[in-house]
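One file, query.txt, carrying compact mmCIF, C-alpha atoms and all ligand atoms:
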# COMPACT_ATOMS: atom_id res chain seq x y z
CA MET A 1 0.00 0.00 0.00
CA LEU A 2 1.31 3.45 -0.90
CA ARG A 3 2.16 5.70 2.03
CA ARG A 4 1.87 9.47 1.82
CA VAL A 5 4.73 11.66 3.05
CA HIS A 6 3.43 14.93 4.46
CA LEU A 7 5.48 18.06 3.93
CA ALA A 8 4.96 21.73 4.66
CA PRO A 9 5.15 24.04 1.63
CA VAL A 10 8.20 26.29 1.27
CA ALA A 11 7.61 29.66 -0.42
CA PRO A 12 9.84 30.42 -3.41
CA GLU A 13 10.69 33.80 -1.89
CA ALA A 14 12.63 31.94 0.80
CA TYR A 15 15.29 31.24 -1.86
CA GLN A 16 15.76 34.81 -3.02
CA ASP A 17 19.01 35.41 -1.12
CA THR A 18 20.68 32.21 -2.29
CA ALA A 19 19.39 31.05 -5.68
CA PRO A 20 19.65 32.83 -9.05
CA THR A 21 16.69 35.20 -9.53
CA GLU A 22 15.88 33.98 -13.04
CA GLN A 23 15.41 30.43 -11.75
CA ILE A 24 12.94 31.56 -9.09
CA GLU A 25 11.06 33.72 -11.56
CA GLU A 26 10.71 30.96 -14.08
CA CYS A 27 9.46 28.60 -11.35
CA LEU A 28 6.81 31.18 -10.44
CA SER A 29 5.58 31.78 -13.96
CA ARG A 30 5.57 28.10 -14.91
CA ALA A 31 3.65 27.26 -11.75
CA ARG A 32 1.09 29.96 -12.53
CA ASN A 33 0.47 28.32 -15.89
CA LEU A 34 0.17 24.89 -14.31
CA ARG A 35 -2.12 25.92 -11.47
CA GLY A 36 -5.04 23.56 -10.97
CA ILE A 37 -3.22 20.40 -12.05
CA ARG A 38 -2.57 17.62 -9.55
CA ILE A 39 0.86 16.06 -9.35
CA ALA A 40 2.09 12.92 -7.58
CA HIS A 41 5.68 11.84 -7.01
CA ILE A 42 6.31 8.18 -6.19
CA ASN A 43 9.54 6.64 -4.93
CA ALA A 44 10.79 3.88 -2.64
CA THR A 45 11.90 5.54 0.60
CA PRO A 46 11.09 8.67 2.60
CA TYR A 47 14.63 8.91 4.05
CA GLY A 48 18.21 7.85 3.29
CA GLY A 49 19.81 8.43 -0.09
CA GLY A 50 19.63 11.17 -2.64
CA VAL A 51 16.15 10.66 -4.08
CA SER A 52 14.34 11.14 -0.78
CA GLU A 53 16.55 14.14 -0.12
CA LEU A 54 15.63 15.65 -3.46
CA LEU A 55 11.91 14.94 -3.12
CA ARG A 56 11.73 16.44 0.36
CA SER A 57 12.90 19.76 -1.05
CA ALA A 58 11.34 19.65 -4.52
CA VAL A 59 7.87 18.67 -3.31
CA ALA A 60 7.92 21.36 -0.59
CA LEU A 61 8.92 24.03 -3.11
CA GLU A 62 6.40 22.88 -5.72
CA ARG A 63 3.72 23.11 -3.04
CA GLY A 64 5.04 26.55 -2.04
CA LEU A 65 4.59 27.56 -5.68
CA GLY A 66 0.86 26.89 -5.25
CA LEU A 67 0.72 23.50 -6.97
CA ALA A 68 -1.22 20.53 -5.60
CA VAL A 69 1.55 17.98 -5.11
CA ASP A 70 1.54 14.71 -3.19
CA TRP A 71 4.46 12.40 -2.41
CA PHE A 72 3.92 8.66 -2.05
CA VAL A 73 6.31 5.93 -1.00
CA ILE A 74 5.75 2.33 -2.10
CA ALA A 75 5.54 -0.39 0.51
CA GLY A 76 7.46 -3.63 0.22
CA ASN A 77 8.83 -6.41 2.34
CA ASN A 78 12.50 -7.25 2.65
CA ARG A 79 12.41 -9.71 -0.25
CA PHE A 80 11.00 -7.05 -2.53
CA PHE A 81 13.76 -4.61 -1.62
CA GLU A 82 16.40 -7.35 -2.04
CA VAL A 83 15.06 -7.81 -5.58
CA THR A 84 14.99 -4.08 -6.32
CA LYS A 85 18.49 -3.54 -4.86
CA SER A 86 19.88 -6.27 -7.08
CA LEU A 87 18.03 -4.71 -10.03
CA HIS A 88 19.56 -1.36 -9.07
CA ASN A 89 23.02 -2.96 -8.91
CA GLY A 90 22.41 -4.73 -12.24
CA LEU A 91 21.41 -1.47 -13.90
CA GLN A 92 24.68 0.05 -12.65
CA GLY A 93 26.59 -2.86 -14.21
CA ALA A 94 26.76 -5.70 -11.66
CA PRO A 95 25.82 -9.21 -12.86
CA PHE A 96 22.05 -9.70 -12.61
CA LEU A 97 20.40 -13.12 -12.61
CA PRO A 98 16.70 -12.82 -13.34
CA SER A 99 14.40 -15.58 -12.19
CA ALA A 100 10.70 -16.35 -12.22
CA GLU A 101 10.73 -15.75 -8.47
CA PHE A 102 12.21 -12.25 -8.91
CA GLU A 103 9.60 -11.42 -11.52
CA GLU A 104 6.82 -12.62 -9.29
CA ILE A 105 7.98 -10.75 -6.18
CA TYR A 106 8.43 -7.53 -8.16
CA GLU A 107 5.07 -7.77 -9.90
CA LEU A 108 3.01 -8.82 -6.87
CA ASN A 109 4.40 -6.00 -4.74
CA SER A 110 3.94 -3.47 -7.52
CA ARG A 111 0.38 -4.62 -8.09
CA ALA A 112 -0.49 -4.16 -4.40
CA ASN A 113 0.94 -0.63 -4.46
CA ALA A 114 -0.67 0.28 -7.77
CA ALA A 115 -4.13 -0.65 -6.53
CA THR A 116 -3.92 2.02 -3.83
CA LEU A 117 -2.90 4.94 -6.05
CA PRO A 118 -5.71 7.54 -6.05
CA ARG A 119 -7.00 8.25 -9.53
CA GLU A 120 -7.18 12.05 -9.46
CA TYR A 121 -3.73 13.01 -10.75
CA ASP A 122 -2.83 14.81 -13.98
CA VAL A 123 0.92 14.13 -13.83
CA ILE A 124 2.69 11.30 -12.03
CA VAL A 125 6.45 11.23 -11.68
CA VAL A 126 7.84 7.79 -10.84
CA HIS A 127 11.38 7.83 -9.48
CA ASP A 128 13.81 4.99 -10.19
CA PRO A 129 13.23 1.28 -10.91
CA GLN A 130 11.55 0.20 -7.65
CA PRO A 131 8.10 1.70 -8.47
CA ALA A 132 8.50 1.63 -12.28
CA ALA A 133 5.79 -1.01 -12.82
CA LEU A 134 3.09 1.25 -11.44
CA ARG A 135 2.56 2.84 -14.86
CA GLN A 136 1.23 -0.39 -16.31
CA LEU A 137 -0.41 -1.75 -13.20
CA ALA A 138 -2.36 1.38 -12.17
CA SER A 139 -4.52 1.37 -15.26
CA HIS A 140 -7.33 3.14 -13.38
CA VAL A 141 -5.28 6.37 -13.36
CA GLU A 142 -5.52 8.54 -16.46
CA ALA A 143 -2.53 10.79 -16.01
CA ARG A 144 0.57 11.76 -17.92
CA TRP A 145 3.36 9.56 -16.62
CA ILE A 146 7.04 10.50 -16.32
CA TRP A 147 9.78 8.04 -15.34
CA ARG A 148 12.74 9.72 -13.65
CA CYS A 149 15.95 7.68 -13.48
CA HIS A 150 18.44 8.75 -10.81
CA ILE A 151 21.02 6.01 -11.25
CA ASP A 152 23.99 5.50 -13.53
CA THR A 153 22.64 3.34 -16.35
CA SER A 154 25.56 3.93 -18.71
CA GLN A 155 26.72 0.28 -18.64
CA PRO A 156 23.80 -1.86 -17.45
CA ASP A 157 23.84 -5.63 -17.25
CA PRO A 158 21.71 -6.68 -20.28
CA ALA A 159 19.42 -8.89 -18.18
CA ALA A 160 18.73 -6.08 -15.72
CA GLU A 161 18.04 -3.70 -18.59
CA ALA A 162 15.60 -6.15 -20.18
CA PHE A 163 13.85 -6.72 -16.84
CA LEU A 164 13.29 -2.99 -16.43
CA LEU A 165 12.42 -2.14 -20.04
CA ARG A 166 9.44 -4.44 -19.95
CA TRP A 167 7.93 -2.13 -17.31
CA LEU A 168 8.91 1.14 -18.92
CA ASP A 169 6.49 0.93 -21.82
CA GLY A 170 3.73 3.50 -21.74
CA TYR A 171 5.41 6.44 -20.05
CA ASP A 172 4.94 9.82 -21.72
CA ALA A 173 8.50 10.94 -20.96
CA TYR A 174 11.76 9.63 -19.51
CA VAL A 175 14.26 11.73 -17.61
CA PHE A 176 17.93 10.88 -17.09
CA THR A 177 20.61 12.88 -15.33
CA MET A 178 22.94 12.96 -18.33
CA PRO A 179 22.90 11.83 -21.99
CA GLU A 180 25.36 8.97 -21.30
CA PHE A 181 22.74 7.29 -19.10
CA VAL A 182 19.90 7.14 -21.67
CA LEU A 183 18.98 3.51 -22.36
CA PRO A 184 19.30 2.97 -26.13
CA ALA A 185 15.88 1.28 -26.34
CA LEU A 186 14.23 4.51 -25.20
CA GLN A 187 16.00 6.79 -27.63
CA ALA A 188 13.08 6.94 -30.04
CA ARG A 189 10.75 8.11 -27.27
CA LYS A 190 10.45 11.40 -25.41
CA VAL A 191 13.67 11.61 -23.40
CA VAL A 192 15.07 14.65 -21.59
CA THR A 193 18.15 15.03 -19.43
CA PHE A 194 18.63 17.26 -16.42
CA PRO A 195 20.43 16.70 -13.12
CA PRO A 196 19.10 16.93 -9.56
CA GLY A 197 19.97 19.77 -7.21
CA ILE A 198 20.62 20.47 -3.54
CA ASP A 199 18.54 22.58 -1.22
CA PRO A 200 20.40 25.56 0.26
CA LEU A 201 17.66 25.87 2.89
CA SER A 202 17.89 22.29 4.13
CA PRO A 203 19.38 21.88 7.62
CA LYS A 204 22.14 20.06 5.79
CA ASN A 205 23.13 23.09 3.75
CA LEU A 206 22.23 26.15 5.81
CA PRO A 207 25.24 28.11 7.02
CA LEU A 208 26.21 27.01 10.53
CA ALA A 209 28.51 28.82 12.96
CA ALA A 210 32.04 27.38 12.81
CA MET A 211 32.02 26.88 16.58
CA LEU A 212 28.84 24.79 16.40
CA CYS A 213 30.33 22.65 13.62
CA ARG A 214 33.47 22.07 15.66
CA ARG A 215 31.45 21.13 18.73
CA ILE A 216 29.38 18.67 16.72
CA VAL A 217 32.31 16.83 15.17
CA THR A 218 34.13 16.77 18.50
CA TRP A 219 31.01 15.31 20.10
CA HIS A 220 31.19 12.44 17.63
CA GLY A 221 34.85 11.75 18.42
CA VAL A 222 36.82 13.79 15.90
CA GLU A 223 39.54 16.19 17.10
CA ALA A 224 38.71 19.58 15.63
CA GLY A 225 42.31 20.82 15.39
CA ARG A 226 43.58 17.87 13.34
CA PRO A 227 43.18 17.36 9.57
CA LEU A 228 39.98 15.57 8.60
CA LEU A 229 39.02 13.60 5.51
CA VAL A 230 35.28 12.86 5.10
CA GLN A 231 33.12 10.68 2.86
CA VAL A 232 29.34 10.99 3.27
CA SER A 233 27.55 8.10 1.53
CA ARG A 234 25.20 5.21 2.01
CA TYR A 235 27.10 1.97 2.80
CA ASP A 236 27.05 0.77 -0.78
CA PRO A 237 29.71 -1.08 -2.77
CA TRP A 238 29.49 1.53 -5.55
CA LYS A 239 30.73 4.16 -3.08
CA ASP A 240 33.82 2.01 -2.32
CA PRO A 241 34.12 2.58 1.47
CA PHE A 242 37.02 0.11 1.76
CA GLY A 243 38.84 2.02 -0.98
CA VAL A 244 38.35 5.18 1.08
CA ILE A 245 39.94 3.49 4.10
CA ARG A 246 42.89 2.35 1.97
CA VAL A 247 43.45 5.85 0.60
CA PHE A 248 43.10 7.34 4.07
CA ARG A 249 45.72 5.01 5.57
CA ARG A 250 48.23 5.85 2.89
CA ALA A 251 47.53 9.59 3.10
CA ARG A 252 47.95 9.45 6.91
CA GLU A 253 51.52 8.22 6.45
CA ARG A 254 52.28 11.54 4.73
CA VAL A 255 49.98 13.78 6.77
CA PRO A 256 50.41 12.68 10.38
CA GLY A 257 47.37 13.24 12.56
CA LEU A 258 44.93 12.77 9.68
CA GLN A 259 41.50 11.46 10.69
CA LEU A 260 38.75 9.89 8.58
CA ALA A 261 34.99 10.16 9.07
CA LEU A 262 32.80 7.79 7.07
CA ILE A 263 29.25 9.04 7.42
CA GLY A 264 26.49 6.89 5.95
CA SER A 265 22.75 6.78 6.36
CA MET A 266 20.59 3.67 6.16
CA ALA A 267 17.75 3.70 3.65
CA LEU A 268 14.49 1.79 3.86
CA ASP A 269 14.99 0.30 0.39
CA ASP A 270 18.61 -0.78 0.87
CA PRO A 271 19.00 -3.99 2.88
CA GLU A 272 22.55 -4.36 1.54
CA GLY A 273 23.54 -1.25 3.53
CA TRP A 274 23.35 -3.01 6.90
CA ARG A 275 25.70 -5.80 5.85
CA LEU A 276 28.26 -3.43 4.43
CA TYR A 277 28.03 -1.14 7.45
CA GLU A 278 28.95 -4.04 9.75
CA GLN A 279 31.93 -4.96 7.55
CA VAL A 280 33.18 -1.37 7.42
CA ARG A 281 32.79 -1.05 11.19
CA ALA A 282 34.79 -4.24 11.73
CA GLU A 283 37.55 -2.96 9.42
CA ALA A 284 37.76 0.35 11.29
CA GLU A 285 37.33 -0.97 14.82
CA GLN A 286 40.99 -1.11 15.75
CA ASP A 287 41.78 2.28 14.22
CA PRO A 288 41.07 5.21 16.55
CA ASP A 289 41.52 7.70 13.69
CA ILE A 290 38.47 6.39 11.81
CA LEU A 291 34.93 7.32 12.74
CA VAL A 292 32.15 5.21 11.19
CA GLY A 293 28.86 7.06 11.71
CA THR A 294 25.27 6.56 10.64
CA ASN A 295 21.86 7.99 11.35
CA ILE A 296 21.53 5.26 14.01
CA THR A 297 24.64 6.52 15.82
CA GLY A 298 23.07 9.98 15.93
CA ILE A 299 24.19 11.50 12.63
CA SER A 300 21.34 13.73 11.47
CA PHE A 301 21.18 16.34 8.72
CA VAL A 302 22.82 19.00 10.89
CA GLU A 303 25.66 16.61 11.73
CA VAL A 304 26.25 15.91 8.03
CA ASN A 305 26.39 19.66 7.50
CA ALA A 306 28.98 20.02 10.29
CA PHE A 307 31.17 17.21 8.93
CA GLN A 308 31.08 18.63 5.40
CA HIS A 309 31.91 22.04 6.85
CA CYS A 310 34.81 20.84 9.05
CA ALA A 311 36.35 18.46 6.50
CA TRP A 312 39.68 19.64 5.15
CA VAL A 313 38.95 17.52 2.12
CA VAL A 314 35.86 15.55 1.11
CA ILE A 315 36.50 12.33 -0.78
CA GLN A 316 33.89 10.67 -3.02
CA LYS A 317 35.32 7.43 -4.28
CA SER A 318 32.27 6.37 -6.31
CA ILE A 319 32.80 3.72 -8.97
CA ARG A 320 29.36 4.47 -10.41
CA GLU A 321 27.34 7.52 -9.46
CA GLY A 322 23.92 8.67 -10.65
CA PHE A 323 24.65 12.20 -9.50
CA GLY A 324 26.13 12.32 -6.01
CA LEU A 325 24.33 15.13 -4.18
CA VAL A 326 27.07 14.90 -1.56
CA VAL A 327 29.54 16.48 -3.97
CA SER A 328 27.43 19.61 -4.43
CA GLU A 329 26.70 19.65 -0.69
CA ALA A 330 30.42 19.76 0.11
CA LEU A 331 31.15 22.38 -2.53
CA TRP A 332 28.30 24.54 -1.26
CA LYS A 333 30.35 24.79 1.97
CA GLU A 334 33.45 25.57 -0.11
CA THR A 335 35.04 22.31 0.97
CA PRO A 336 37.21 20.90 -1.84
CA VAL A 337 36.47 17.41 -3.14
CA VAL A 338 38.60 14.62 -4.59
CA ALA A 339 36.22 12.38 -6.49
CA GLY A 340 36.09 9.50 -8.90
CA ARG A 341 35.51 10.60 -12.47
CA SER A 342 32.24 8.74 -12.71
CA GLY A 343 28.67 9.47 -13.78
CA GLY A 344 27.00 12.60 -12.51
CA ILE A 345 30.03 13.73 -10.51
CA THR A 346 31.61 14.89 -13.76
CA LEU A 347 28.82 17.44 -14.21
CA GLN A 348 29.55 19.02 -10.87
CA MET A 349 33.32 19.35 -10.92
CA GLU A 350 36.22 19.52 -13.23
CA ASP A 351 39.90 19.79 -12.40
CA GLY A 352 40.32 23.29 -11.05
CA ILE A 353 36.67 23.74 -10.14
CA GLY A 354 35.70 22.23 -6.81
CA GLY A 355 38.72 19.97 -6.49
CA PHE A 356 40.13 17.09 -8.51
CA LEU A 357 38.65 14.22 -10.49
CA VAL A 358 40.65 11.00 -10.69
CA PRO A 359 40.03 7.54 -12.15
CA PRO A 360 37.63 5.91 -9.66
CA GLU A 361 39.74 2.84 -8.99
CA ASP A 362 43.15 4.52 -8.99
CA ASP A 363 44.14 4.62 -5.31
CA ASP A 364 47.50 6.23 -6.12
CA ALA A 365 45.83 9.20 -7.80
CA PHE A 366 43.42 9.61 -4.89
CA VAL A 367 46.27 9.60 -2.38
CA GLU A 368 48.25 12.19 -4.36
CA ARG A 369 45.35 14.60 -4.74
CA VAL A 370 44.11 14.20 -1.17
CA VAL A 371 47.61 14.87 0.21
CA GLN A 372 48.01 17.84 -2.13
CA LEU A 373 44.82 19.48 -0.86
CA LEU A 374 45.55 18.64 2.77
CA THR A 375 48.93 20.34 2.55
CA ASP A 376 48.23 23.25 0.13
CA ARG A 377 45.44 24.99 1.98
CA GLU A 378 45.46 28.05 -0.32
CA LEU A 379 44.78 25.87 -3.33
CA ALA A 380 42.12 23.97 -1.39
CA ARG A 381 40.34 27.21 -0.54
CA ALA A 382 40.41 28.53 -4.10
CA LEU A 383 39.06 25.29 -5.58
CA GLY A 384 36.27 25.12 -2.99
CA GLN A 385 35.16 28.67 -3.70
CA ARG A 386 34.92 28.06 -7.43
CA GLY A 387 32.95 24.91 -6.70
CA ARG A 388 30.34 26.81 -4.71
CA GLN A 389 29.82 29.25 -7.57
CA ARG A 390 29.14 26.41 -9.98
CA VAL A 391 26.66 24.82 -7.57
CA ARG A 392 24.80 28.11 -7.21
CA GLU A 393 24.37 28.48 -10.95
CA ARG A 394 23.64 24.88 -11.90
CA PHE A 395 22.80 22.57 -9.01
CA LEU A 396 20.33 24.17 -6.65
CA ILE A 397 16.82 22.84 -6.13
CA THR A 398 15.32 25.90 -7.86
CA ARG A 399 16.95 24.82 -11.13
CA TYR A 400 15.72 21.29 -10.68
CA VAL A 401 12.12 22.37 -10.03
CA ARG A 402 12.27 24.76 -12.98
CA ASP A 403 13.34 21.92 -15.28
CA GLU A 404 10.68 19.62 -13.90
CA LEU A 405 7.94 22.22 -14.41
CA ARG A 406 9.15 22.76 -17.98
CA LEU A 407 8.79 19.05 -18.61
CA MET A 408 5.34 18.86 -17.01
CA THR A 409 4.20 21.73 -19.24
CA GLU A 410 5.50 19.81 -22.20
CA VAL A 411 3.82 16.50 -21.41
CA LEU A 412 0.52 18.25 -20.68
CA HIS A 413 0.49 20.77 -23.52
CA GLY A 414 2.75 19.18 -26.13
CA SER A 415 5.46 21.85 -25.90
CA ALA A 416 7.35 23.64 -23.13
CA GLY A 417 6.59 26.97 -24.84
CA THR A 418 7.79 30.15 -23.18
CA GLU A 419 7.22 30.70 -19.51
CA GLU A 420 4.38 33.24 -19.67
N1 LIG A 501 23.12 11.43 3.70
C1 LIG A 501 22.67 11.74 4.97
N2 LIG A 501 23.23 11.13 6.03
C2 LIG A 501 24.22 10.25 5.91
C3 LIG A 501 24.70 9.92 4.61
C4 LIG A 501 24.11 10.52 3.52
O1 LIG A 501 21.77 12.57 5.14
O2 LIG A 501 24.68 9.72 6.92
C5 LIG A 501 22.55 12.13 2.54
C6 LIG A 501 23.58 12.95 1.80
O3 LIG A 501 23.84 14.14 2.51
C7 LIG A 501 22.90 13.16 0.46
C8 LIG A 501 22.15 11.84 0.27
O4 LIG A 501 22.05 11.23 1.57
O5 LIG A 501 22.00 14.22 0.51
C9 LIG A 501 22.91 10.90 -0.66
O6 LIG A 501 22.69 11.31 -1.98
P1 LIG A 501 23.68 10.99 -3.16
O7 LIG A 501 23.06 11.53 -4.39
O8 LIG A 501 25.04 11.48 -2.84
O9 LIG A 501 23.79 9.39 -3.21
P2 LIG A 501 22.68 8.22 -3.26
O10 LIG A 501 22.52 7.76 -1.85
O11 LIG A 501 21.43 8.76 -3.84
O12 LIG A 501 23.32 7.16 -4.09
Using the file provided, produce a representation of the structure as structure tokens.
Amino acid sequence: MLRRVHLAPVAPEAYQDTAPTEQIEECLSRARNLRGIRIAHINATPYGGGVSELLRSAVALERGLGLAVDWFVIAGNNRFFEVTKSLHNGLQGAPFLPSAEFEEIYELNSRANAATLPREYDVIVVHDPQPAALRQLASHVEARWIWRCHIDTSQPDPAAEAFLLRWLDGYDAYVFTMPEFVLPALQARKVVTFPPGIDPLSPKNLPLAAMLCRRIVTWHGVEAGRPLLVQVSRYDPWKDPFGVIRVFRRARERVPGLQLALIGSMALDDPEGWRLYEQVRAEAEQDPDILVGTNITGISFVEVNAFQHCAWVVIQKSIREGFGLVVSEALWKETPVVAGRSGGITLQMEDGIGGFLVPPEDDDAFVERVVQLLTDRELARALGQRGRQRVRERFLITRYVRDELRLMTEVLHGSAGTEE
């Protein structure tokens, strides 16, 4: 059964001191033209991971723009989310072994969710593969349907791709973060590309006093005066947490006193996260310079903010990455990033803007760049500042909502037209 997530609206004016004016104005005029329509967003989890983060902010702003917007989360048991996580991994390139049992679990769960979708919507945006089957199974709903893919589908396992494609028929439009991710079978259909964005008004991104940030990280066991390397990510093999520990240990040999904080939330739809978290914790247990934190050890949004603020360098060692909101979040605080050159991260940074990109599996390159930024603090500061500027122009939630409203106009009226 679908569950509704309730959110308070956020007025667009609240963004006027942080976001580009033209983005806010276009949001306002597009929303005026869309007034009266009913929109539903559907995804798999209300917390943990980038999609829930994005929806929390986008839905609140769309409601603040005067639109009637609801957010639903699909229900599923552990077996269903094991299936969808392996589908997710398969779509990012891991081997995927389909079976009749997988098909049955996916379809039965989707059918139960689809039956509870209210019929009154004009536009429905389905996020990611977990709820993708709702389009075909909720035949009582006469809406325009958009499928929004947030993951890196540039090199999918063919069986995973085939599994998903069967359920993607019938959507009116498909959205990917970047052209490299577009599944070839969809190319003849209506496909658009635009990336997500971060919310400068979220407790995770609001400016915090430096003293508060220091107190928070100290509270969690990090010494505020010593250099700090941070990765904020779900415990997911694609984020390579063991690679981060390897790079940290080698960098510590050259920067004595270096500490590492691995901060990772648990998501409702990610049973794999618990297993990996335990393994990472075991690996770090004997090392007092490594903090392994999660939302269950008391890391909330404000804590993430403080760690991103206090980090001397943020590392993002993703092997595949749909977008990586955490990169923009760090840059928004002018913290430089050393990241794997993978997926959506390449939109956010380039060498000289925000930090350094290196081959995702090249530990040597990570160590070199991390040490460089830990020791050349002037360079680190300059790169971080340029990164923030790029985020302001391209990766705030106002730009994301603007792009989404353009697309909704298009699927409802046949063309995006001009804003007025
Ligand atoms: N996050 C969090 N607490 C944590 C770890 C992550 O709130 O302990 C947030 C993080 O700040 C970001 C999101 O979860 O907003 C992760 O999004 P991203 O796009 O980086 O990766 P995804 O999880 O979607 O693969």
Exercise for review: Please measure the separation of CA of Asp289 (chain A) and CA of Val222 (chain A), giving the value in Å to one decimal.
Suggested key: 8.0 Å
Exercise for review: Check every protein, DNA and RNA residue against ligand LIG 501 (chain A), keep those with an atom at most 8 Å away (counting only C-alpha atoms and all ligand atoms), and present them as a PyMOL selection string.
Suggested key: chain A and resi 48-54+150-151+198+204+232-234+263-266+293-295+299-301+304-305+321-327+329
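Closest approach to Val10 (chain A) among A:Gly36, A:Leu65, A:Thr45, A:Phe194 is made by A:Leu65 (distances from all atoms listed in the file).
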Review point. Looking at only C-alpha atoms, which of A:Pro20, A:Pro207, A:Gly257, A:Pro184 is the one that sits closest to Pro227 (chain A)?
Key: A:Gly257
Practice item. For each of A:Arg388, A:Arg381, A:Arg394, A:Lys239, take the minimum atom-to-atom distance to Ser342 (chain A), counting only C-alpha atoms, then give the residue where this is smallest. Key: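 Smallest separation from Ser342 (chain A) among the options: A:Lys239.
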